[in-house]
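Structure below is query.txt: compact mmCIF, C-alpha atoms.
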# COMPACT_ATOMS: atom_id res chain seq x y z
CA MET A 290 55.36 -61.49 -104.99
CA GLY A 291 54.66 -64.24 -102.46
CA GLU A 292 52.10 -66.93 -102.95
CA ALA A 293 48.52 -66.16 -101.98
CA ALA A 294 47.45 -67.67 -98.68
CA ARG A 295 45.63 -70.98 -99.01
CA LEU A 296 41.91 -70.84 -98.34
CA GLY A 297 40.14 -73.79 -96.83
CA HIS A 298 36.84 -75.46 -97.66
CA LEU A 299 33.53 -75.91 -95.92
CA VAL A 300 32.33 -79.49 -96.33
CA LEU A 301 28.69 -80.37 -95.70
CA LEU A 302 27.86 -84.03 -95.06
CA ARG A 303 24.28 -85.24 -94.81
CA HIS A 304 23.58 -88.12 -92.43
CA GLY A 305 22.91 -91.64 -93.66
CA GLN A 306 19.53 -93.16 -94.35
CA THR A 307 16.90 -93.57 -91.64
CA LYS A 308 13.51 -95.23 -91.74
CA TRP A 309 11.84 -91.93 -92.52
CA SER A 310 14.34 -90.61 -95.06
CA ASP A 311 13.63 -93.82 -96.97
CA SER A 312 9.84 -93.40 -96.73
CA GLY A 313 9.82 -89.66 -97.42
CA GLN A 314 8.42 -88.66 -94.03
CA TYR A 315 9.52 -85.26 -92.79
CA THR A 316 12.14 -85.81 -90.08
CA GLY A 317 12.97 -82.70 -88.12
CA ARG A 318 13.54 -83.12 -84.41
CA THR A 319 12.36 -86.74 -84.08
CA ASP A 320 15.56 -88.47 -82.95
CA LEU A 321 15.63 -91.47 -85.26
CA PRO A 322 18.79 -93.60 -85.48
CA LEU A 323 20.44 -94.65 -88.72
CA GLY A 324 19.07 -97.80 -90.30
CA ARG A 325 21.28 -100.65 -91.50
CA GLU A 326 21.64 -99.08 -94.95
CA GLY A 327 22.34 -95.71 -93.38
CA ARG A 328 25.15 -97.09 -91.26
CA GLN A 329 26.78 -98.63 -94.33
CA GLN A 330 26.34 -95.35 -96.21
CA ALA A 331 28.04 -93.45 -93.39
CA VAL A 332 31.10 -95.69 -93.52
CA GLN A 333 31.34 -95.23 -97.29
CA SER A 334 30.95 -91.46 -97.03
CA GLY A 335 33.97 -91.36 -94.73
CA LYS A 336 36.04 -93.24 -97.32
CA ARG A 337 35.01 -90.79 -100.06
CA LEU A 338 35.82 -87.79 -97.88
CA ARG A 339 39.25 -89.13 -96.99
CA GLU A 340 39.97 -89.58 -100.70
CA ALA A 341 38.85 -86.02 -101.43
CA PHE A 342 40.56 -84.53 -98.35
CA PRO A 343 43.57 -86.72 -97.57
CA GLY A 344 44.77 -84.20 -95.01
CA GLY A 345 41.65 -84.86 -92.98
CA PHE A 346 39.88 -82.46 -90.65
CA ASP A 347 41.21 -81.22 -87.35
CA ALA A 348 38.93 -82.12 -84.43
CA SER A 349 38.44 -78.42 -83.74
CA CYS A 350 37.02 -78.05 -87.26
CA ILE A 351 34.34 -80.77 -87.11
CA PHE A 352 30.85 -79.69 -86.07
CA VAL A 353 27.84 -81.99 -85.84
CA SER A 354 24.11 -81.62 -85.29
CA PRO A 355 22.94 -82.70 -81.84
CA LEU A 356 20.55 -85.25 -83.36
CA LEU A 357 21.47 -88.93 -83.15
CA ARG A 358 21.47 -89.71 -86.88
CA ALA A 359 24.07 -87.01 -87.53
CA ARG A 360 26.26 -88.01 -84.59
CA GLN A 361 26.17 -91.67 -85.66
CA THR A 362 27.11 -90.68 -89.21
CA ALA A 363 30.12 -88.68 -88.03
CA GLN A 364 31.32 -91.53 -85.84
CA LEU A 365 30.87 -94.23 -88.49
CA ALA A 366 32.50 -92.04 -91.12
CA GLY A 367 35.58 -91.87 -88.93
CA PHE A 368 35.12 -88.37 -87.53
CA GLY A 369 34.33 -89.30 -83.95
CA GLU A 370 36.04 -86.30 -82.37
CA PHE A 371 33.63 -83.46 -82.97
CA GLN A 372 31.84 -80.54 -81.40
CA VAL A 373 28.05 -80.52 -81.24
CA LEU A 374 26.61 -77.35 -82.76
CA ASP A 375 22.93 -76.84 -81.94
CA ASP A 376 22.43 -74.50 -84.90
CA LEU A 377 22.92 -77.51 -87.21
CA ALA A 378 19.77 -79.29 -85.96
CA GLU A 379 17.28 -80.02 -88.71
CA TRP A 380 14.40 -77.70 -89.56
CA ASP A 381 11.63 -78.07 -86.97
CA TYR A 382 8.73 -79.05 -89.23
CA GLY A 383 6.05 -78.62 -86.58
CA ARG A 384 2.83 -80.40 -87.56
CA ALA A 385 4.49 -81.75 -90.72
CA GLU A 386 6.74 -83.98 -88.59
CA GLY A 387 6.39 -87.63 -89.55
CA HIS A 388 4.11 -86.94 -92.52
CA THR A 389 4.86 -87.01 -96.24
CA GLU A 390 4.35 -84.13 -98.64
CA GLN A 391 1.61 -86.15 -100.34
CA GLU A 392 -0.27 -86.75 -97.06
CA ILE A 393 -0.20 -83.07 -96.21
CA GLY A 394 -1.33 -82.10 -99.70
CA ALA A 395 -4.24 -84.55 -99.50
CA ALA A 396 -5.31 -83.11 -96.13
CA LEU A 397 -5.16 -79.55 -97.48
CA GLY A 398 -6.83 -80.42 -100.78
CA ARG A 399 -3.99 -78.74 -102.69
CA PRO A 400 -0.27 -79.26 -103.27
CA TRP A 401 1.95 -78.37 -100.31
CA ASN A 402 5.67 -77.70 -100.18
CA VAL A 403 7.62 -76.80 -97.06
CA TRP A 404 9.78 -74.24 -98.89
CA ARG A 405 6.84 -72.32 -100.34
CA HIS A 406 4.09 -72.83 -97.76
CA GLY A 407 5.90 -73.58 -94.52
CA ALA A 408 5.06 -75.77 -91.57
CA GLU A 409 2.42 -73.28 -90.40
CA ALA A 410 0.17 -74.24 -93.33
CA VAL A 411 -0.18 -77.87 -92.15
CA PRO A 412 -3.66 -78.62 -90.73
CA ALA A 413 -3.84 -78.49 -86.93
CA ASP A 414 -5.33 -81.98 -86.68
CA MET A 415 -2.16 -83.46 -88.17
CA GLY A 416 -0.17 -82.33 -85.14
CA VAL A 417 -0.99 -85.32 -82.96
CA ASP A 418 1.92 -86.83 -81.02
CA TRP A 419 2.58 -90.56 -81.31
CA VAL A 420 5.27 -93.20 -80.85
CA GLU A 421 7.21 -94.59 -83.82
CA ARG A 422 8.14 -98.25 -83.38
CA LEU A 423 11.26 -99.41 -85.17
CA GLU A 424 12.00 -102.94 -86.40
CA THR A 425 14.45 -103.28 -83.53
CA GLY A 426 11.61 -102.78 -81.07
CA GLU A 427 12.87 -99.33 -80.10
CA GLN A 428 10.15 -96.76 -79.52
CA ILE A 429 10.82 -93.17 -80.63
CA PRO A 430 8.49 -90.37 -79.45
CA VAL A 431 7.17 -88.11 -82.21
CA ARG A 432 6.22 -84.69 -80.88
CA HIS A 433 4.72 -81.78 -82.75
CA THR A 434 5.52 -78.15 -82.06
CA SER A 435 4.54 -74.88 -83.70
CA GLY A 436 7.54 -75.42 -86.00
CA GLU A 437 10.07 -73.05 -87.49
CA ARG A 438 9.74 -70.62 -90.34
CA LEU A 439 12.29 -70.78 -93.14
CA GLU A 440 13.56 -67.39 -91.96
CA ASP A 441 14.25 -68.87 -88.51
CA VAL A 442 16.28 -71.70 -90.01
CA ALA A 443 18.21 -69.21 -92.15
CA ALA A 444 19.02 -67.08 -89.09
CA ARG A 445 20.63 -69.94 -87.20
CA THR A 446 22.54 -71.17 -90.25
CA ARG A 447 23.95 -67.66 -90.58
CA ARG A 448 25.25 -68.05 -87.04
CA ALA A 449 26.90 -71.30 -88.05
CA VAL A 450 28.44 -69.66 -91.14
CA SER A 451 29.74 -66.79 -88.99
CA LYS A 452 31.42 -69.33 -86.73
CA VAL A 453 33.16 -71.38 -89.42
CA ALA A 454 33.89 -68.82 -92.16
CA PRO A 455 36.94 -67.38 -90.32
CA MET A 456 38.36 -70.91 -90.06
CA VAL A 457 37.95 -71.43 -93.80
CA LEU A 458 39.50 -68.05 -94.57
CA ALA A 459 42.42 -68.98 -92.32
CA GLY A 460 43.07 -72.07 -94.48
CA SER A 461 41.28 -74.83 -92.54
CA ASP A 462 39.00 -77.44 -94.03
CA VAL A 463 35.84 -77.52 -91.91
CA LEU A 464 33.35 -80.40 -91.80
CA LEU A 465 29.68 -80.01 -90.85
CA VAL A 466 27.60 -83.18 -90.41
CA ALA A 467 23.90 -82.49 -90.36
CA HIS A 468 20.65 -82.82 -92.34
CA ALA A 469 19.33 -82.22 -95.84
CA HIS A 470 17.21 -79.13 -95.34
CA VAL A 471 19.37 -77.31 -92.82
CA LEU A 472 22.46 -77.86 -95.00
CA ARG A 473 20.63 -76.62 -98.09
CA VAL A 474 19.58 -73.48 -96.23
CA LEU A 475 23.11 -73.06 -94.89
CA ALA A 476 24.47 -73.18 -98.43
CA THR A 477 22.23 -70.25 -99.41
CA GLN A 478 23.50 -68.23 -96.48
CA TRP A 479 27.10 -69.01 -97.43
CA LEU A 480 26.32 -67.69 -100.91
CA GLY A 481 24.30 -64.73 -99.64
CA VAL A 482 21.12 -65.62 -101.55
CA ASP A 483 17.47 -66.05 -100.58
CA PRO A 484 17.03 -69.12 -98.32
CA CYS A 485 14.19 -70.32 -100.55
CA ALA A 486 16.87 -71.08 -103.17
CA GLY A 487 17.82 -74.03 -100.98
CA SER A 488 15.00 -75.94 -102.66
CA LEU A 489 17.22 -76.07 -105.76
CA PHE A 490 20.03 -77.96 -104.00
CA ARG A 491 19.39 -81.69 -103.77
CA ILE A 492 21.63 -83.59 -101.38
CA ASP A 493 21.14 -87.33 -100.89
CA THR A 494 21.73 -89.33 -97.73
CA ALA A 495 25.42 -89.66 -96.81
CA HIS A 496 26.45 -87.38 -99.70
CA TYR A 497 28.53 -84.26 -99.30
CA ALA A 498 29.02 -80.80 -100.75
CA VAL A 499 32.04 -78.51 -100.79
CA LEU A 500 31.75 -74.74 -100.40
CA GLY A 501 34.64 -72.36 -100.72
CA TYR A 502 35.86 -69.09 -102.17
CA TYR A 503 36.85 -68.12 -105.68
CA LYS A 504 38.44 -64.70 -106.18
CA SER A 505 37.14 -63.70 -102.76
CA GLU A 506 33.56 -64.68 -103.61
CA PRO A 507 31.77 -67.54 -101.79
CA VAL A 508 31.01 -70.38 -104.20
CA VAL A 509 29.82 -73.97 -104.46
CA GLU A 510 32.79 -76.10 -105.55
CA ARG A 511 31.09 -79.50 -105.49
CA TRP A 512 27.59 -80.73 -104.71
CA ASN A 513 25.98 -84.09 -103.87
CA ALA A 514 29.23 -86.03 -104.18

Structure rendered as structure tokens:
Amino acid sequence: MGEAARLGHLVLLRHGQTKWSDSGQYTGRTDLPLGREGRQQAVQSGKRLREAFPGGFDASCIFVSPLLRARQTAQLAGFGEFQVLDDLAEWDYGRAEGHTEQEIGAALGRPWNVWRHGAEAVPADMGVDWVERLETGEQIPVRHTSGERLEDVAARTRRAVSKVAPMVLAGSDVLLVAHAHVLRVLATQWLGVDPCAGSLFRIDTAHYAVLGYYKSEPVVERWNA
């Protein structure tokens, strides 16, 4: 009998640190750049990925969120030839944007968690637009929308999985560079489990995960590396 065909891997890389990922503020569609630490993290993540995948990733197999922090991470990590995939944008947190979990809980008078309660539970008076001023002097607009439900995020990550799964099954290693929550939701859709289970998958800034197949079943091979 001949050897079984090689299956590839799906690699998920979270962007490096930003001002808000450091402070714990929810960062969905606000287009923050990487901070100094985040840029260094991105470079180091590229070194770790090249050690783990010495064959690299074909440019046709690298997909990146449209948001600046993800694109900067891909470039600094050494994966500058990529395709932007809109479905990899971070969860739109609506009125939670720019606030911490503790601030929202204090406003509600009870604990709040985006996985369990959703952006729609955030008080309306927290959805006031403002401008975030960075240490560099750059001004970043913070805008609030009606937000996305977890089910909406899961639906678009399923589209992303449908796009890349055939590449993995054909033997290619595929790299996705995006954000913590959207990658955690995407992992649940790869596994075929409830998207709320994404709350169980911690992934730190500029860390990566590896998804794949084992005996034809989708699995997690490595997480938060």

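Across the structure, atom CA of Arg511 of chain A and atom CA of Ala443 of chain A are spaced 21.2 Å apart.
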
- Task: Would you mind reading off the distance between atom CA of Asp418 of chain A and atom CA of Gly398 of chain A, one decimal, in Å?
- Result: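 Straight-line distance from atom CA of Asp418 of chain A to atom CA of Gly398 of chain A works out to 22.5 Å.
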
- So which one's closest to Pro430 of chain A, A:Arg399, A:Arg360, A:Arg295, A:Arg318? Using all atoms listed in the file, please.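 Once distances to Pro430 of chain A are computed over all atoms listed in the file, the minimum belongs to A:Arg318.
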
- What is the atom CA of Leu465 of chain A-atom CA of Leu301 of chain A distance in Å, reported with one decimal? 5.0 Å

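Nearest-residue note for Arg358 of chain A: choosing from A:Asp311, A:Glu510, A:Asp320, A:Asp381, the minimum distance belongs to A:Asp320, counting all atoms listed in the file.
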
Go through segment 304-345 of chain A and flag each residue having an atom no more than 12 Å from segment 474-492 of chain A; for those, report the closest pair of atoms plus their distance in Å to one decimal, using only C-alpha atoms, ordered by chain and rising number, as a tab-separated table.
residue	atom	partner	partner_atom	distance
A:His304	CA	A:Ile492	CA	10.2
A:Gly305	CA	A:Ile492	CA	11.2
A:Ser310	CA	A:Ile492	CA	11.9

(34.5, -79.8, -100.1) in this file's frame - what residues fall within 9 Å of it? Use all atoms listed in the file and give the answer as a short mmCIF file (atom, residue, chain, number, x, y, z; two decimals) with C-alpha atoms, keeping the file's coordinate frame.
data_model
loop_
_atom_site.label_atom_id
_atom_site.label_comp_id
_atom_site.auth_asym_id
_atom_site.auth_seq_id
_atom_site.Cartn_x
_atom_site.Cartn_y
_atom_site.Cartn_z
CA GLY A 297 40.14 -73.79 -96.83
CA HIS A 298 36.84 -75.46 -97.66
CA LEU A 299 33.53 -75.91 -95.92
CA VAL A 300 32.33 -79.49 -96.33
CA LEU A 301 28.69 -80.37 -95.70
CA LEU A 338 35.82 -87.79 -97.88
CA ALA A 341 38.85 -86.02 -101.43
CA PHE A 342 40.56 -84.53 -98.35
CA ASP A 462 39.00 -77.44 -94.03
CA VAL A 463 35.84 -77.52 -91.91
CA LEU A 464 33.35 -80.40 -91.80
CA TYR A 497 28.53 -84.26 -99.30
CA ALA A 498 29.02 -80.80 -100.75
CA VAL A 499 32.04 -78.51 -100.79
CA LEU A 500 31.75 -74.74 -100.40
CA GLY A 501 34.64 -72.36 -100.72
CA VAL A 509 29.82 -73.97 -104.46
CA GLU A 510 32.79 -76.10 -105.55
CA ARG A 511 31.09 -79.50 -105.49
CA TRP A 512 27.59 -80.73 -104.71
#

Every residue with an atom at most 12 Å from (28.0, -88.3, -83.1) (file coordinates; only C-alpha atoms) is what I'm after, so could you write them as a compact mmCIF listing (two decimals) with C-alpha atoms, keeping the file's coordinate frame?
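The resulting file, point-v3.txt, is shown below:
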# COMPACT_ATOMS: atom_id res chain seq x y z
CA HIS A 304 23.58 -88.12 -92.43
CA PRO A 322 18.79 -93.60 -85.48
CA LEU A 323 20.44 -94.65 -88.72
CA ALA A 331 28.04 -93.45 -93.39
CA ILE A 351 34.34 -80.77 -87.11
CA PHE A 352 30.85 -79.69 -86.07
CA VAL A 353 27.84 -81.99 -85.84
CA SER A 354 24.11 -81.62 -85.29
CA PRO A 355 22.94 -82.70 -81.84
CA LEU A 356 20.55 -85.25 -83.36
CA LEU A 357 21.47 -88.93 -83.15
CA ARG A 358 21.47 -89.71 -86.88
CA ALA A 359 24.07 -87.01 -87.53
CA ARG A 360 26.26 -88.01 -84.59
CA GLN A 361 26.17 -91.67 -85.66
CA THR A 362 27.11 -90.68 -89.21
CA ALA A 363 30.12 -88.68 -88.03
CA GLN A 364 31.32 -91.53 -85.84
CA LEU A 365 30.87 -94.23 -88.49
CA ALA A 366 32.50 -92.04 -91.12
CA GLY A 367 35.58 -91.87 -88.93
CA PHE A 368 35.12 -88.37 -87.53
CA GLY A 369 34.33 -89.30 -83.95
CA GLU A 370 36.04 -86.30 -82.37
CA PHE A 371 33.63 -83.46 -82.97
CA GLN A 372 31.84 -80.54 -81.40
CA VAL A 373 28.05 -80.52 -81.24
CA LEU A 374 26.61 -77.35 -82.76
CA LEU A 465 29.68 -80.01 -90.85
CA VAL A 466 27.60 -83.18 -90.41
CA ALA A 467 23.90 -82.49 -90.36

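Between Glu424 of chain A and the residues A:Gln329, A:Glu409, A:Gly324, A:Thr316, the shortest atom-to-atom distance, using all atoms listed in the file, involves A:Gly324.
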
Hey, can I get the axis-aligned box for segment 414-421 of chain A? All listed atoms, 8 Å padding on each side, centre and edge lengths in Å to one decimal, as AutoDock Vina command-line options.
--center_x 0.9 --center_y -88.3 --center_z -84.5 --size_x 28.5 --size_y 28.6 --size_z 23.3

- Message: I'd like to know which of A:Arg473, A:Arg339, A:Lys504, A:His388 is closest to Thr319 of chain A, using all atoms listed in the file.
- Response: A:His388

- Item | Residues within 7 Å of Leu458 of chain A, only C-alpha atoms, excluding chain neighbours under 3 positions, as a ChimeraX atom specification | /A:296-297,454-455

Write a file for segment 341-371 of chain A of the given structure; include N, CA and C atoms and format it as a PDB file, in the first residue's frame.
ATOM      1  N   ALA A 341       9.089  26.167  13.803  1.00  0.00           N
ATOM      2  CA  ALA A 341       8.065  25.122  13.826  1.00  0.00           C
ATOM      3  C   ALA A 341       7.694  24.654  12.423  1.00  0.00           C
ATOM      4  N   PHE A 342       7.765  25.579  11.444  1.00  0.00           N
ATOM      5  CA  PHE A 342       7.387  25.261  10.058  1.00  0.00           C
ATOM      6  C   PHE A 342       8.512  25.720   9.137  1.00  0.00           C
ATOM      7  N   PRO A 343       9.602  24.977   9.111  1.00  0.00           N
ATOM      8  CA  PRO A 343      10.767  25.408   8.318  1.00  0.00           C
ATOM      9  C   PRO A 343      10.475  25.503   6.827  1.00  0.00           C
ATOM     10  N   GLY A 344       9.441  24.824   6.367  1.00  0.00           N
ATOM     11  CA  GLY A 344       9.080  24.911   4.964  1.00  0.00           C
ATOM     12  C   GLY A 344       8.355  26.193   4.620  1.00  0.00           C
ATOM     13  N   GLY A 345       7.964  26.933   5.651  1.00  0.00           N
ATOM     14  CA  GLY A 345       7.297  28.210   5.434  1.00  0.00           C
ATOM     15  C   GLY A 345       5.860  28.059   4.967  1.00  0.00           C
ATOM     16  N   PHE A 346       5.313  29.166   4.503  1.00  0.00           N
ATOM     17  CA  PHE A 346       3.930  29.215   4.019  1.00  0.00           C
ATOM     18  C   PHE A 346       3.926  29.878   2.644  1.00  0.00           C
ATOM     19  N   ASP A 347       3.296  29.243   1.705  1.00  0.00           N
ATOM     20  CA  ASP A 347       3.168  29.837   0.384  1.00  0.00           C
ATOM     21  C   ASP A 347       2.319  31.107   0.491  1.00  0.00           C
ATOM     22  N   ALA A 348       2.650  32.108  -0.310  1.00  0.00           N
ATOM     23  CA  ALA A 348       1.918  33.379  -0.250  1.00  0.00           C
ATOM     24  C   ALA A 348       0.422  33.189  -0.483  1.00  0.00           C
ATOM     25  N   SER A 349       0.059  32.200  -1.261  1.00  0.00           N
ATOM     26  CA  SER A 349      -1.355  31.939  -1.529  1.00  0.00           C
ATOM     27  C   SER A 349      -2.057  31.312  -0.334  1.00  0.00           C
ATOM     28  N   CYS A 350      -1.285  30.957   0.692  1.00  0.00           N
ATOM     29  CA  CYS A 350      -1.846  30.297   1.874  1.00  0.00           C
ATOM     30  C   CYS A 350      -1.713  31.156   3.139  1.00  0.00           C
ATOM     31  N   ILE A 351      -1.519  32.457   2.964  1.00  0.00           N
ATOM     32  CA  ILE A 351      -1.425  33.378   4.093  1.00  0.00           C
ATOM     33  C   ILE A 351      -2.571  34.374   3.990  1.00  0.00           C
ATOM     34  N   PHE A 352      -3.412  34.397   5.029  1.00  0.00           N
ATOM     35  CA  PHE A 352      -4.585  35.265   5.043  1.00  0.00           C
ATOM     36  C   PHE A 352      -4.553  36.107   6.319  1.00  0.00           C
ATOM     37  N   VAL A 353      -4.872  37.388   6.174  1.00  0.00           N
ATOM     38  CA  VAL A 353      -4.704  38.329   7.276  1.00  0.00           C
ATOM     39  C   VAL A 353      -5.954  39.188   7.426  1.00  0.00           C
ATOM     40  N   SER A 354      -6.295  39.506   8.651  1.00  0.00           N
ATOM     41  CA  SER A 354      -7.380  40.442   8.938  1.00  0.00           C
ATOM     42  C   SER A 354      -7.098  41.785   8.270  1.00  0.00           C
ATOM     43  N   PRO A 355      -8.139  42.513   7.899  1.00  0.00           N
ATOM     44  CA  PRO A 355      -7.912  43.830   7.293  1.00  0.00           C
ATOM     45  C   PRO A 355      -7.427  44.888   8.280  1.00  0.00           C
ATOM     46  N   LEU A 356      -7.479  44.619   9.566  1.00  0.00           N
ATOM     47  CA  LEU A 356      -7.125  45.628  10.561  1.00  0.00           C
ATOM     48  C   LEU A 356      -5.609  45.787  10.673  1.00  0.00           C
ATOM     49  N   LEU A 357      -5.189  47.017  10.945  1.00  0.00           N
ATOM     50  CA  LEU A 357      -3.775  47.387  10.893  1.00  0.00           C
ATOM     51  C   LEU A 357      -2.906  46.524  11.793  1.00  0.00           C
ATOM     52  N   ARG A 358      -3.326  46.267  13.008  1.00  0.00           N
ATOM     53  CA  ARG A 358      -2.478  45.524  13.957  1.00  0.00           C
ATOM     54  C   ARG A 358      -2.159  44.114  13.460  1.00  0.00           C
ATOM     55  N   ALA A 359      -3.090  43.511  12.730  1.00  0.00           N
ATOM     56  CA  ALA A 359      -2.838  42.179  12.169  1.00  0.00           C
ATOM     57  C   ALA A 359      -1.911  42.271  10.958  1.00  0.00           C
ATOM     58  N   ARG A 360      -2.137  43.260  10.105  1.00  0.00           N
ATOM     59  CA  ARG A 360      -1.287  43.414   8.929  1.00  0.00           C
ATOM     60  C   ARG A 360       0.153  43.745   9.331  1.00  0.00           C
ATOM     61  N   GLN A 361       0.326  44.590  10.340  1.00  0.00           N
ATOM     62  CA  GLN A 361       1.674  44.907  10.823  1.00  0.00           C
ATOM     63  C   GLN A 361       2.348  43.663  11.391  1.00  0.00           C
ATOM     64  N   THR A 362       1.584  42.854  12.108  1.00  0.00           N
ATOM     65  CA  THR A 362       2.155  41.634  12.696  1.00  0.00           C
ATOM     66  C   THR A 362       2.644  40.693  11.600  1.00  0.00           C
ATOM     67  N   ALA A 363       1.834  40.493  10.569  1.00  0.00           N
ATOM     68  CA  ALA A 363       2.238  39.612   9.474  1.00  0.00           C
ATOM     69  C   ALA A 363       3.514  40.119   8.815  1.00  0.00           C
ATOM     70  N   GLN A 364       3.588  41.408   8.575  1.00  0.00           N
ATOM     71  CA  GLN A 364       4.757  41.976   7.910  1.00  0.00           C
ATOM     72  C   GLN A 364       6.004  41.842   8.778  1.00  0.00           C
ATOM     73  N   LEU A 365       5.893  42.178  10.056  1.00  0.00           N
ATOM     74  CA  LEU A 365       7.054  42.122  10.947  1.00  0.00           C
ATOM     75  C   LEU A 365       7.484  40.688  11.228  1.00  0.00           C
ATOM     76  N   ALA A 366       6.535  39.769  11.163  1.00  0.00           N
ATOM     77  CA  ALA A 366       6.861  38.358  11.378  1.00  0.00           C
ATOM     78  C   ALA A 366       7.531  37.736  10.155  1.00  0.00           C
ATOM     79  N   GLY A 367       7.552  38.486   9.057  1.00  0.00           N
ATOM     80  CA  GLY A 367       8.204  37.986   7.859  1.00  0.00           C
ATOM     81  C   GLY A 367       7.266  37.367   6.848  1.00  0.00           C
ATOM     82  N   PHE A 368       5.959  37.638   6.999  1.00  0.00           N
ATOM     83  CA  PHE A 368       4.970  37.080   6.084  1.00  0.00           C
ATOM     84  C   PHE A 368       4.258  38.233   5.371  1.00  0.00           C
ATOM     85  N   GLY A 369       5.040  39.044   4.684  1.00  0.00           N
ATOM     86  CA  GLY A 369       4.528  40.264   4.087  1.00  0.00           C
ATOM     87  C   GLY A 369       3.699  40.065   2.837  1.00  0.00           C
ATOM     88  N   GLU A 370       3.797  38.896   2.211  1.00  0.00           N
ATOM     89  CA  GLU A 370       2.970  38.607   1.037  1.00  0.00           C
ATOM     90  C   GLU A 370       1.753  37.831   1.509  1.00  0.00           C
ATOM     91  N   PHE A 371       0.627  38.516   1.579  1.00  0.00           N
ATOM     92  CA  PHE A 371      -0.576  37.880   2.116  1.00  0.00           C
ATOM     93  C   PHE A 371      -1.807  38.396   1.397  1.00  0.00           C
TER      94      PHE A 371
END
